[in-house]
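Enquirer: File follows, my_file33.pdb with PDB, C-alpha atoms:
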ATOM      1  CA  MET A 252      69.721  91.822  78.721
ATOM      2  CA  THR A 253      71.410  90.289  75.701
ATOM      3  CA  ASN A 254      74.281  91.521  73.585
ATOM      4  CA  ARG A 255      75.927  91.048  70.194
ATOM      5  CA  ILE A 256      79.515  91.532  71.319
ATOM      6  CA  LYS A 257      80.723  88.250  69.835
ATOM      7  CA  GLU A 258      79.109  88.985  66.461
ATOM      8  CA  PHE A 259      80.712  92.436  66.134
ATOM      9  CA  ARG A 260      84.036  91.242  67.565
ATOM     10  CA  VAL A 261      84.303  88.445  64.985
ATOM     11  CA  LYS A 262      83.332  90.896  62.220
ATOM     12  CA  LEU A 263      86.300  93.080  63.153
ATOM     13  CA  GLY A 264      88.581  90.037  63.389
ATOM     14  CA  LEU A 265      89.422  90.641  67.036
ATOM     15  CA  THR A 266      90.169  87.886  69.537
ATOM     16  CA  GLN A 267      88.680  87.997  73.042
ATOM     17  CA  GLU A 268      92.117  88.809  74.415
ATOM     18  CA  GLU A 269      92.634  91.719  72.019
ATOM     19  CA  LEU A 270      89.215  93.179  72.796
ATOM     20  CA  ALA A 271      89.872  92.769  76.530
ATOM     21  CA  LYS A 272      93.135  94.694  76.230
ATOM     22  CA  LYS A 273      91.477  97.475  74.242
ATOM     23  CA  VAL A 274      88.813  98.048  76.909
ATOM     24  CA  ASN A 275      91.195  97.303  79.814
ATOM     25  CA  VAL A 276      89.442  94.302  81.362
ATOM     26  CA  ARG A 277      90.403  90.666  81.911
ATOM     27  CA  ARG A 278      89.741  88.178  79.091
ATOM     28  CA  GLU A 279      87.302  86.233  81.273
ATOM     29  CA  THR A 280      85.140  89.360  81.565
ATOM     30  CA  ILE A 281      84.696  89.291  77.775
ATOM     31  CA  VAL A 282      83.877  85.552  77.995
ATOM     32  CA  PHE A 283      81.158  86.208  80.614
ATOM     33  CA  LEU A 284      79.791  89.156  78.612
ATOM     34  CA  GLU A 285      79.501  87.064  75.453
ATOM     35  CA  LYS A 286      77.711  84.320  77.381
ATOM     36  CA  ASN A 287      75.292  86.933  78.788
ATOM     37  CA  LYS A 288      76.381  86.016  82.299
ATOM     38  CA  TYR A 289      77.370  89.569  83.157
ATOM     39  CA  ASN A 290      75.907  93.008  82.498
ATOM     40  CA  PRO A 291      78.684  95.575  82.099
ATOM     41  CA  SER A 292      78.867  98.993  83.700
ATOM     42  CA  LEU A 293      77.813 101.959  81.550
ATOM     43  CA  ARG A 294      81.464 102.915  81.142
ATOM     44  CA  LEU A 295      82.427  99.478  79.842
ATOM     45  CA  ALA A 296      79.344  99.328  77.588
ATOM     46  CA  PHE A 297      80.296 102.635  75.937
ATOM     47  CA  ASP A 298      83.960 101.576  75.642
ATOM     48  CA  LEU A 299      82.915  98.324  73.950
ATOM     49  CA  ALA A 300      80.578 100.143  71.574
ATOM     50  CA  GLN A 301      83.335 102.596  70.643
ATOM     51  CA  ILE A 302      85.918  99.869  70.003
ATOM     52  CA  LEU A 303      83.444  97.769  67.991
ATOM     53  CA  ASN A 304      82.300 100.837  65.975
ATOM     54  CA  VAL A 305      78.608 100.422  66.806
ATOM     55  CA  SER A 306      76.112 102.216  69.004
ATOM     56  CA  VAL A 307      75.284 100.972  72.500
ATOM     57  CA  GLU A 308      71.696 100.353  71.317
ATOM     58  CA  ASP A 309      72.965  98.061  68.562
ATOM     59  CA  LEU A 310      75.266  96.232  70.927
ATOM     60  CA  PHE A 311      72.850  95.651  73.808
ATOM     61  CA  SER A 312      69.148  94.887  73.790
ATOM     62  CA  PHE A 313      66.860  94.807  76.769
ATOM     63  CA  GLU A 314      63.749  92.658  77.056
ATOM     64  CA  ASP A 315      61.351  93.232  79.908
ATOM     65  CA  GLU A 316      61.344  90.079  82.032
ATOM     66  CA  LYS A 317      57.889  90.655  83.579
TER      67      LYS A 317
ATOM     68  CA  MET B 486     114.289 109.978  80.257
ATOM     69  CA  LEU B 487     114.726 109.659  84.015
ATOM     70  CA  ASN B 488     111.076 110.663  84.498
ATOM     71  CA  ILE B 489     109.872 107.960  82.105
ATOM     72  CA  SER B 490     111.896 105.270  83.851
ATOM     73  CA  ASN B 491     110.495 106.460  87.198
ATOM     74  CA  ILE B 492     106.924 106.195  85.883
ATOM     75  CA  VAL B 493     107.617 102.699  84.519
ATOM     76  CA  LEU B 494     109.106 101.661  87.860
ATOM     77  CA  GLU B 495     106.093 103.137  89.695
ATOM     78  CA  ILE B 496     103.633 101.128  87.559
ATOM     79  CA  PHE B 497     105.748  97.989  88.031
ATOM     80  CA  ASN B 498     105.695  98.559  91.804
ATOM     81  CA  ILE B 499     101.905  98.906  91.940
ATOM     82  CA  LEU B 500     101.376  95.741  89.893
ATOM     83  CA  MET B 501     103.915  93.741  91.857
ATOM     84  CA  LYS B 502     102.736  94.967  95.268
ATOM     85  CA  ARG B 503      99.588  92.833  95.231
ATOM     86  CA  ILE B 504     101.467  89.752  94.035
ATOM     87  CA  VAL B 505     104.213  90.157  96.651
ATOM     88  CA  LEU B 506     101.643  90.812  99.393
ATOM     89  CA  MET B 507      99.818  87.597  98.561
ATOM     90  CA  GLY B 508     103.101  85.665  98.473
ATOM     91  CA  VAL B 509     104.036  87.040 101.916
ATOM     92  CA  ILE B 510     100.666  85.951 103.370
ATOM     93  CA  ILE B 511     101.108  82.424 101.970
ATOM     94  CA  LEU B 512     104.651  82.229 103.394
ATOM     95  CA  MET B 513     103.387  83.434 106.803
ATOM     96  CA  VAL B 514     100.736  80.697 106.888
ATOM     97  CA  VAL B 515     103.318  78.052 105.940
ATOM     98  CA  ALA B 516     105.745  79.369 108.594
ATOM     99  CA  THR B 517     103.006  79.373 111.261
ATOM    100  CA  VAL B 518     102.062  75.766 110.476
ATOM    101  CA  TYR B 519     105.753  74.799 110.545
ATOM    102  CA  LEU B 520     106.235  76.444 113.971
ATOM    103  CA  TRP B 521     103.041  74.865 115.277
ATOM    104  CA  LEU B 522     104.144  71.380 114.189
ATOM    105  CA  SER B 523     107.742  71.771 115.343
ATOM    106  CA  ASN B 524     106.648  72.966 118.814
ATOM    107  CA  SER B 525     103.821  70.573 119.597
ATOM    108  CA  GLY B 526     104.556  67.717 117.197
ATOM    109  CA  PHE B 527     102.048  66.062 114.910
ATOM    110  CA  SER B 528      99.207  64.060 116.412
ATOM    111  CA  GLU B 529      96.656  62.119 114.408
ATOM    112  CA  GLY B 530      93.795  64.305 115.638
ATOM    113  CA  GLU B 531      95.327  67.290 113.871
ATOM    114  CA  GLY B 532      95.285  65.604 110.457
ATOM    115  CA  PRO B 533      91.950  67.104 109.361
ATOM    116  CA  TYR B 534      93.078  70.622 110.387
ATOM    117  CA  LEU B 535      96.255  70.264 108.354
ATOM    118  CA  GLY B 536      94.231  68.987 105.413
ATOM    119  CA  ILE B 537      91.946  72.034 105.555
ATOM    120  CA  ILE B 538      94.929  74.403 105.861
ATOM    121  CA  ALA B 539      96.530  72.669 102.860
ATOM    122  CA  LEU B 540      93.312  73.165 100.842
ATOM    123  CA  ILE B 541      93.229  76.863 101.743
ATOM    124  CA  LEU B 542      96.896  77.188 100.757
ATOM    125  CA  VAL B 543      96.179  75.514  97.407
ATOM    126  CA  PHE B 544      93.376  78.031  96.842
ATOM    127  CA  ALA B 545      95.679  80.949  97.737
ATOM    128  CA  VAL B 546      98.444  79.647  95.438
ATOM    129  CA  PHE B 547      95.850  79.280  92.645
ATOM    130  CA  LEU B 548      94.869  82.951  93.082
ATOM    131  CA  LEU B 549      98.541  83.962  93.162
ATOM    132  CA  ILE B 550      99.315  82.092  89.925
ATOM    133  CA  ARG B 551      96.246  83.696  88.337
ATOM    134  CA  ARG B 552      97.521  87.161  89.253
ATOM    135  CA  ILE B 553     101.031  86.419  87.987
ATOM    136  CA  LYS B 554      99.605  85.148  84.678
ATOM    137  CA  SER B 555      97.504  88.317  84.296
ATOM    138  CA  TRP B 556     100.530  90.456  85.065
ATOM    139  CA  LYS B 557     102.643  88.590  82.491
ATOM    140  CA  VAL B 558      99.974  88.858  79.760
ATOM    141  CA  GLY B 559      99.567  92.552  80.543
ATOM    142  CA  GLU B 560      95.898  92.467  81.523
ATOM    143  CA  PRO B 561      94.605  94.062  84.743
ATOM    144  CA  GLN B 562      94.756  91.816  87.813
ATOM    145  CA  GLU B 563      91.376  93.184  88.849
ATOM    146  CA  ASP B 564      88.568  94.621  86.766
ATOM    147  CA  GLU B 565      84.901  95.466  87.341
ATOM    148  CA  LEU B 566      83.744  91.827  87.104
ATOM    149  CA  SER B 567      86.389  90.432  89.458
ATOM    150  CA  LYS B 568      85.647  93.234  91.951
ATOM    151  CA  LYS B 569      81.912  92.454  91.827
ATOM    152  CA  VAL B 570      82.652  88.748  92.277
ATOM    153  CA  MET B 571      84.776  89.594  95.327
ATOM    154  CA  VAL B 572      82.075  91.840  96.838
ATOM    155  CA  ARG B 573      79.426  89.141  96.406
ATOM    156  CA  THR B 574      81.793  86.504  97.744
ATOM    157  CA  ALA B 575      82.436  88.595 100.856
ATOM    158  CA  ALA B 576      78.719  89.221 101.394
ATOM    159  CA  LEU B 577      77.691  85.571 100.979
ATOM    160  CA  SER B 578      80.557  84.158 103.035
ATOM    161  CA  TYR B 579      79.831  86.607 105.877
ATOM    162  CA  TYR B 580      76.166  85.595 105.870
ATOM    163  CA  VAL B 581      76.910  81.847 105.848
ATOM    164  CA  SER B 582      79.668  82.269 108.468
ATOM    165  CA  LEU B 583      77.115  83.670 110.924
ATOM    166  CA  TYR B 584      75.226  80.382 110.696
ATOM    167  CA  LEU B 585      78.476  78.452 111.121
ATOM    168  CA  TRP B 586      79.209  80.269 114.402
ATOM    169  CA  VAL B 587      75.650  79.783 115.639
ATOM    170  CA  PHE B 588      75.983  76.065 114.849
ATOM    171  CA  LEU B 589      79.364  75.838 116.614
ATOM    172  CA  LEU B 590      78.012  77.612 119.709
ATOM    173  CA  TYR B 591      75.018  75.270 119.702
ATOM    174  CA  MET B 592      77.361  72.269 119.470
ATOM    175  CA  GLN B 593      79.566  73.627 122.235
ATOM    176  CA  ASP B 594      76.799  72.981 124.770
ATOM    177  CA  ARG B 595      76.351  69.422 123.580
ATOM    178  CA  VAL B 596      79.850  68.217 122.673
ATOM    179  CA  THR B 597      82.915  68.784 124.831
ATOM    180  CA  PHE B 598      84.846  71.372 122.862
ATOM    181  CA  ASP B 599      88.136  72.953 123.827
ATOM    182  CA  LYS B 600      87.794  76.774 123.395
ATOM    183  CA  ASP B 601      90.955  76.916 121.215
ATOM    184  CA  ARG B 602      89.639  74.111 119.050
ATOM    185  CA  LEU B 603      86.268  75.854 118.683
ATOM    186  CA  ILE B 604      87.915  79.073 117.494
ATOM    187  CA  GLY B 605      90.229  77.117 115.180
ATOM    188  CA  ILE B 606      87.329  75.252 113.586
ATOM    189  CA  GLY B 607      85.394  78.528 113.226
ATOM    190  CA  ILE B 608      88.267  80.339 111.481
ATOM    191  CA  LEU B 609      89.077  77.424 109.172
ATOM    192  CA  GLY B 610      85.370  77.028 108.417
ATOM    193  CA  MET B 611      85.129  80.708 107.481
ATOM    194  CA  ALA B 612      88.113  80.327 105.142
ATOM    195  CA  ILE B 613      86.512  77.311 103.449
ATOM    196  CA  ILE B 614      83.169  79.108 103.104
ATOM    197  CA  PHE B 615      84.970  82.073 101.516
ATOM    198  CA  ALA B 616      86.802  79.832  99.028
ATOM    199  CA  LEU B 617      83.610  77.942  98.085
ATOM    200  CA  SER B 618      81.671  81.178  97.769
ATOM    201  CA  TRP B 619      84.357  82.603  95.445
ATOM    202  CA  VAL B 620      84.284  79.472  93.269
ATOM    203  CA  PHE B 621      80.465  79.674  93.101
ATOM    204  CA  HIS B 622      80.385  83.333  92.041
ATOM    205  CA  HIS B 623      83.399  83.031  89.758
ATOM    206  CA  PHE B 624      81.799  80.303  87.648
ATOM    207  CA  ARG B 625      78.247  81.631  87.874
ATOM    208  CA  GLY B 626      79.158  85.185  86.879
ATOM    209  CA  VAL B 627      77.083  88.205  87.912
ATOM    210  CA  PRO B 628      73.941  87.935  85.806
ATOM    211  CA  ASN B 629      71.126  90.516  85.501
ATOM    212  CA  ASP B 630      71.331  93.069  88.268
TER     213      ASP B 630
END
If you took the structure in this file and wrote it as structure tokens, what would it be?

Expert:
Amino acid sequence: MTNRIKEFRVKLGLTQEELAKKVNVRRETIVFLEKNKYNPSLRLAFDLAQILNVSVEDLFSFEDEK
Amino acid sequence: MLNISNIVLEIFNILMKRIVLMGVIILMVVATVYLWLSNSGFSEGEGPYLGIIALILVFAVFLLIRRIKSWKVGEPQEDELSKKVMVRTAALSYYVSLYLWVFLLYMQDRVTFDKDRLIGIGILGMAIIFALSWVFHHFRGVPND
């Protein structure tokens, strides 16, 4: 699974720390998300999409790894 | 007004509780080592044990500082990623620790081991495995699952 969190975050002019505070997680969680080293819970995915003003489908894309 | 100050105090208490608890554990370990050394004195054979305990204390202090920093910045001390890292750390360290104990029991038949020493090595080994496992998962993240 890949995401475009960094792209949308930069568009809104938010820092990682500000985004982390808005969705109530640690800054390092945002770092891992942006590096695609962590897949968030559904709750966090929806929170991120809401804060970044995009849909979850736009934010995350899934490629079958078979 | 009184209600608001009570709520603020309650939140402060919850956040501080974990930090204070960790600080108390570190102080207890330091006090135990101090009592151990003051009662039996320091012999050269105990150097490696003290070194390992010092490493574990450094790791604990690192975690404590991390929590204090998070508290100061106003971010949660734990979130879904850190909880997942901790769960995986616990699972991996438990699994590896089983092999450590099997190895120690195997060695016990071949090398003359004092029972106290065997248990001491086992417990310190488990602590080291836990710390290494945490470092591994913390830097690797929790990818695709």

Enquirer: Report the residues retrieved by the PyMOL selection byres ((chain B and resi 569) around 12) from the displayed file, expressed as a tab-separated table (two decimals) with C-alpha atoms, keeping the file's coordinate frame.

Expert:
chain	number	residue	atom	x	y	z
A	280	THR	CA	85.14	89.36	81.56
A	289	TYR	CA	77.37	89.57	83.16
A	290	ASN	CA	75.91	93.01	82.50
A	291	PRO	CA	78.68	95.58	82.10
A	292	SER	CA	78.87	98.99	83.70
B	563	GLU	CA	91.38	93.18	88.85
B	564	ASP	CA	88.57	94.62	86.77
B	565	GLU	CA	84.90	95.47	87.34
B	566	LEU	CA	83.74	91.83	87.10
B	567	SER	CA	86.39	90.43	89.46
B	568	LYS	CA	85.65	93.23	91.95
B	570	VAL	CA	82.65	88.75	92.28
B	571	MET	CA	84.78	89.59	95.33
B	572	VAL	CA	82.08	91.84	96.84
B	573	ARG	CA	79.43	89.14	96.41
B	574	THR	CA	81.79	86.50	97.74
B	575	ALA	CA	82.44	88.60	100.86
B	576	ALA	CA	78.72	89.22	101.39
B	619	TRP	CA	84.36	82.60	95.44
B	622	HIS	CA	80.39	83.33	92.04
B	623	HIS	CA	83.40	83.03	89.76
B	626	GLY	CA	79.16	85.18	86.88
B	627	VAL	CA	77.08	88.20	87.91
B	628	PRO	CA	73.94	87.94	85.81
B	630	ASP	CA	71.33	93.07	88.27

Enquirer: For chain A against chain B, with a cut-off of 10 Å and counting only C-alpha atoms, what is the closest atom pair and its distance in Å to one decimal for every residue that makes the cut, ordered by chain and number, as JSON lines?

Expert:
{"residue": "A:Met252", "atom": "CA", "partner": "B:Asn629", "partner_atom": "CA", "distance": 7.0}
{"residue": "A:Thr253", "atom": "CA", "partner": "B:Asn629", "partner_atom": "CA", "distance": 9.8}
{"residue": "A:Glu268", "atom": "CA", "partner": "B:Glu560", "partner_atom": "CA", "distance": 8.8}
{"residue": "A:Ala271", "atom": "CA", "partner": "B:Glu560", "partner_atom": "CA", "distance": 7.8}
{"residue": "A:Lys272", "atom": "CA", "partner": "B:Glu560", "partner_atom": "CA", "distance": 6.4}
{"residue": "A:Lys273", "atom": "CA", "partner": "B:Glu560", "partner_atom": "CA", "distance": 9.9}
{"residue": "A:Asn275", "atom": "CA", "partner": "B:Pro561", "partner_atom": "CA", "distance": 6.8}
{"residue": "A:Val276", "atom": "CA", "partner": "B:Asp564", "partner_atom": "CA", "distance": 5.5}
{"residue": "A:Arg277", "atom": "CA", "partner": "B:Glu560", "partner_atom": "CA", "distance": 5.8}
{"residue": "A:Arg278", "atom": "CA", "partner": "B:Glu560", "partner_atom": "CA", "distance": 7.9}
{"residue": "A:Glu279", "atom": "CA", "partner": "B:Leu566", "partner_atom": "CA", "distance": 8.8}
{"residue": "A:Thr280", "atom": "CA", "partner": "B:Leu566", "partner_atom": "CA", "distance": 6.2}
{"residue": "A:Ile281", "atom": "CA", "partner": "B:Leu566", "partner_atom": "CA", "distance": 9.7}
{"residue": "A:Phe283", "atom": "CA", "partner": "B:Gly626", "partner_atom": "CA", "distance": 6.7}
{"residue": "A:Leu284", "atom": "CA", "partner": "B:Gly626", "partner_atom": "CA", "distance": 9.2}
{"residue": "A:Lys286", "atom": "CA", "partner": "B:Gly626", "partner_atom": "CA", "distance": 9.6}
{"residue": "A:Asn287", "atom": "CA", "partner": "B:Pro628", "partner_atom": "CA", "distance": 7.2}
{"residue": "A:Lys288", "atom": "CA", "partner": "B:Pro628", "partner_atom": "CA", "distance": 4.7}
{"residue": "A:Tyr289", "atom": "CA", "partner": "B:Pro628", "partner_atom": "CA", "distance": 4.6}
{"residue": "A:Asn290", "atom": "CA", "partner": "B:Asn629", "partner_atom": "CA", "distance": 6.2}
{"residue": "A:Pro291", "atom": "CA", "partner": "B:Leu566", "partner_atom": "CA", "distance": 8.0}
{"residue": "A:Ser292", "atom": "CA", "partner": "B:Glu565", "partner_atom": "CA", "distance": 7.9}
{"residue": "A:Leu295", "atom": "CA", "partner": "B:Glu565", "partner_atom": "CA", "distance": 8.9}

Enquirer: Please compute the CA of Leu293 in chain A-CA of Lys262 in chain A distance, one decimal, in Å.

Expert: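 Those two atoms sit 22.9 Å apart.
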
Enquirer: When you draw a straight line from CA of Val515 in chain B to CA of Ala539 in chain B, how long is it in Å?

Expert: 9.2 Å

Enquirer: I'd like to see the residues matched by the PyMOL selection byres ((chain A and resi 311) around 7) on this file, and ideally I'd get them as a PyMOL selection string.

Expert: chain A and resi 252-255+307-310+312-313

Enquirer: If we count only C-alpha atoms and set the cut-off at 9 Å, which residues sit around Gly607 in chain B, ignoring sequence neighbours fewer than 6 positions away in its own chain? Please answer as a list of chain:residue names.

Expert: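 Counting only the stated atoms, we get B:Ser582, B:Leu585, B:Trp586, B:Leu589.
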
Enquirer: What's the 8 Å shell around range 502-504 of chain B, counting all atoms listed in the file, without same-chain residues fewer than 4 positions away, as a PDB file with C-alpha atoms, keeping the file's coordinate frame?

Expert:
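Output below, filename out_21.pdb:
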ATOM      1  CA  ASN B 498     105.695  98.559  91.804  1.00  0.00           C
ATOM      2  CA  GLY B 508     103.101  85.665  98.473  1.00  0.00           C
ATOM      3  CA  LEU B 549      98.541  83.962  93.162  1.00  0.00           C
ATOM      4  CA  ARG B 552      97.521  87.161  89.253  1.00  0.00           C
ATOM      5  CA  ILE B 553     101.031  86.419  87.987  1.00  0.00           C
TER       6      ILE B 553
END

Enquirer: Record the distance separating CA of Leu540 in chain B and CA of Thr597 in chain B, expressed in Å with one decimal.

Expert: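 The value is 26.5 Å.
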
Enquirer: A:Glu285, A:Glu258, A:Val274, A:Glu269: which is nearest Gln301 in chain A, counting only C-alpha atoms?

Expert: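 Result for the nearest residue to Gln301 in chain A: A:Val274.
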
Enquirer: May I ask which of the residues B:Val546, B:Leu506, B:Ile541, B:Leu577 is the closest one to Ile608 in chain B, counting all atoms listed in the file?

Expert: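 The answer is B:Ile541, which sits nearest to Ile608 in chain B.
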
Enquirer: Can you list, as a list of chain:residue names, the residues that the PyMOL selection byres ((chain B and resi 534) around 12) selects here?

Expert: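 With the shown file as input, the PyMOL selection byres ((chain B and resi 534) around 12) matches B:Val518, B:Trp521, B:Leu522, B:Phe527, B:Ser528, B:Glu529, B:Gly530, B:Glu531, B:Gly532, B:Pro533, B:Leu535, B:Gly536, B:Ile537, B:Ile538, B:Ala539, B:Leu540, B:Ile541, B:Arg602, B:Leu603, B:Gly605, B:Ile606, B:Gly607, B:Ile608, B:Leu609, B:Gly610, B:Ile613.
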
Enquirer: For range 253-273 of chain A, which lacks atoms in the input, supply N, CA and C atoms and format the output as an mmCIF file, in the coordinates of the input.

Expert:
data_model
loop_
_atom_site.group_PDB
_atom_site.id
_atom_site.type_symbol
_atom_site.label_atom_id
_atom_site.label_comp_id
_atom_site.auth_asym_id
_atom_site.auth_seq_id
_atom_site.Cartn_x
_atom_site.Cartn_y
_atom_site.Cartn_z
ATOM 1 N N THR A 253 70.552 91.087 76.581
ATOM 2 C CA THR A 253 71.410 90.289 75.701
ATOM 3 C C THR A 253 72.326 91.232 74.911
ATOM 4 N N ASN A 254 73.376 90.666 74.362
ATOM 5 C CA ASN A 254 74.281 91.521 73.585
ATOM 6 C C ASN A 254 74.797 90.799 72.341
ATOM 7 N N ARG A 255 75.388 91.604 71.452
ATOM 8 C CA ARG A 255 75.927 91.048 70.194
ATOM 9 C C ARG A 255 77.436 91.285 70.117
ATOM 10 N N ILE A 256 78.076 91.243 71.268
ATOM 11 C CA ILE A 256 79.515 91.532 71.319
ATOM 12 C C ILE A 256 80.296 90.550 70.442
ATOM 13 N N LYS A 257 79.976 89.260 70.579
ATOM 14 C CA LYS A 257 80.723 88.250 69.835
ATOM 15 C C LYS A 257 80.606 88.487 68.323
ATOM 16 N N GLU A 258 79.369 88.770 67.895
ATOM 17 C CA GLU A 258 79.109 88.985 66.461
ATOM 18 C C GLU A 258 79.968 90.131 65.912
ATOM 19 N N PHE A 259 79.951 91.272 66.615
ATOM 20 C CA PHE A 259 80.712 92.436 66.134
ATOM 21 C C PHE A 259 82.221 92.225 66.300
ATOM 22 N N ARG A 260 82.606 91.507 67.343
ATOM 23 C CA ARG A 260 84.036 91.242 67.565
ATOM 24 C C ARG A 260 84.596 90.394 66.424
ATOM 25 N N VAL A 261 83.859 89.340 66.069
ATOM 26 C CA VAL A 261 84.303 88.445 64.985
ATOM 27 C C VAL A 261 84.351 89.204 63.656
ATOM 28 N N LYS A 262 83.352 90.090 63.446
ATOM 29 C CA LYS A 262 83.332 90.896 62.220
ATOM 30 C C LYS A 262 84.600 91.722 62.062
ATOM 31 N N LEU A 263 85.083 92.250 63.193
ATOM 32 C CA LEU A 263 86.300 93.080 63.153
ATOM 33 C C LEU A 263 87.579 92.237 63.195
ATOM 34 N N GLY A 264 87.420 90.929 63.356
ATOM 35 C CA GLY A 264 88.581 90.037 63.389
ATOM 36 C C GLY A 264 89.393 90.145 64.668
ATOM 37 N N LEU A 265 88.723 90.519 65.746
ATOM 38 C CA LEU A 265 89.422 90.641 67.036
ATOM 39 C C LEU A 265 89.268 89.360 67.847
ATOM 40 N N THR A 266 90.308 89.004 68.597
ATOM 41 C CA THR A 266 90.169 87.886 69.537
ATOM 42 C C THR A 266 89.633 88.456 70.859
ATOM 43 N N GLN A 267 89.184 87.545 71.728
ATOM 44 C CA GLN A 267 88.680 87.997 73.042
ATOM 45 C C GLN A 267 89.783 88.728 73.802
ATOM 46 N N GLU A 268 90.989 88.217 73.688
ATOM 47 C CA GLU A 268 92.117 88.809 74.415
ATOM 48 C C GLU A 268 92.417 90.223 73.913
ATOM 49 N N GLU A 269 92.359 90.389 72.593
ATOM 50 C CA GLU A 269 92.634 91.719 72.019
ATOM 51 C C GLU A 269 91.568 92.723 72.437
ATOM 52 N N LEU A 270 90.308 92.280 72.388
ATOM 53 C CA LEU A 270 89.215 93.179 72.796
ATOM 54 C C LEU A 270 89.350 93.537 74.281
ATOM 55 N N ALA A 271 89.703 92.531 75.089
ATOM 56 C CA ALA A 271 89.872 92.769 76.530
ATOM 57 C C ALA A 271 90.945 93.820 76.778
ATOM 58 N N LYS A 272 92.050 93.721 76.051
ATOM 59 C CA LYS A 272 93.135 94.694 76.230
ATOM 60 C C LYS A 272 92.697 96.093 75.815
ATOM 61 N N LYS A 273 91.906 96.164 74.739
ATOM 62 C CA LYS A 273 91.477 97.475 74.242
ATOM 63 C C LYS A 273 90.552 98.188 75.240
#
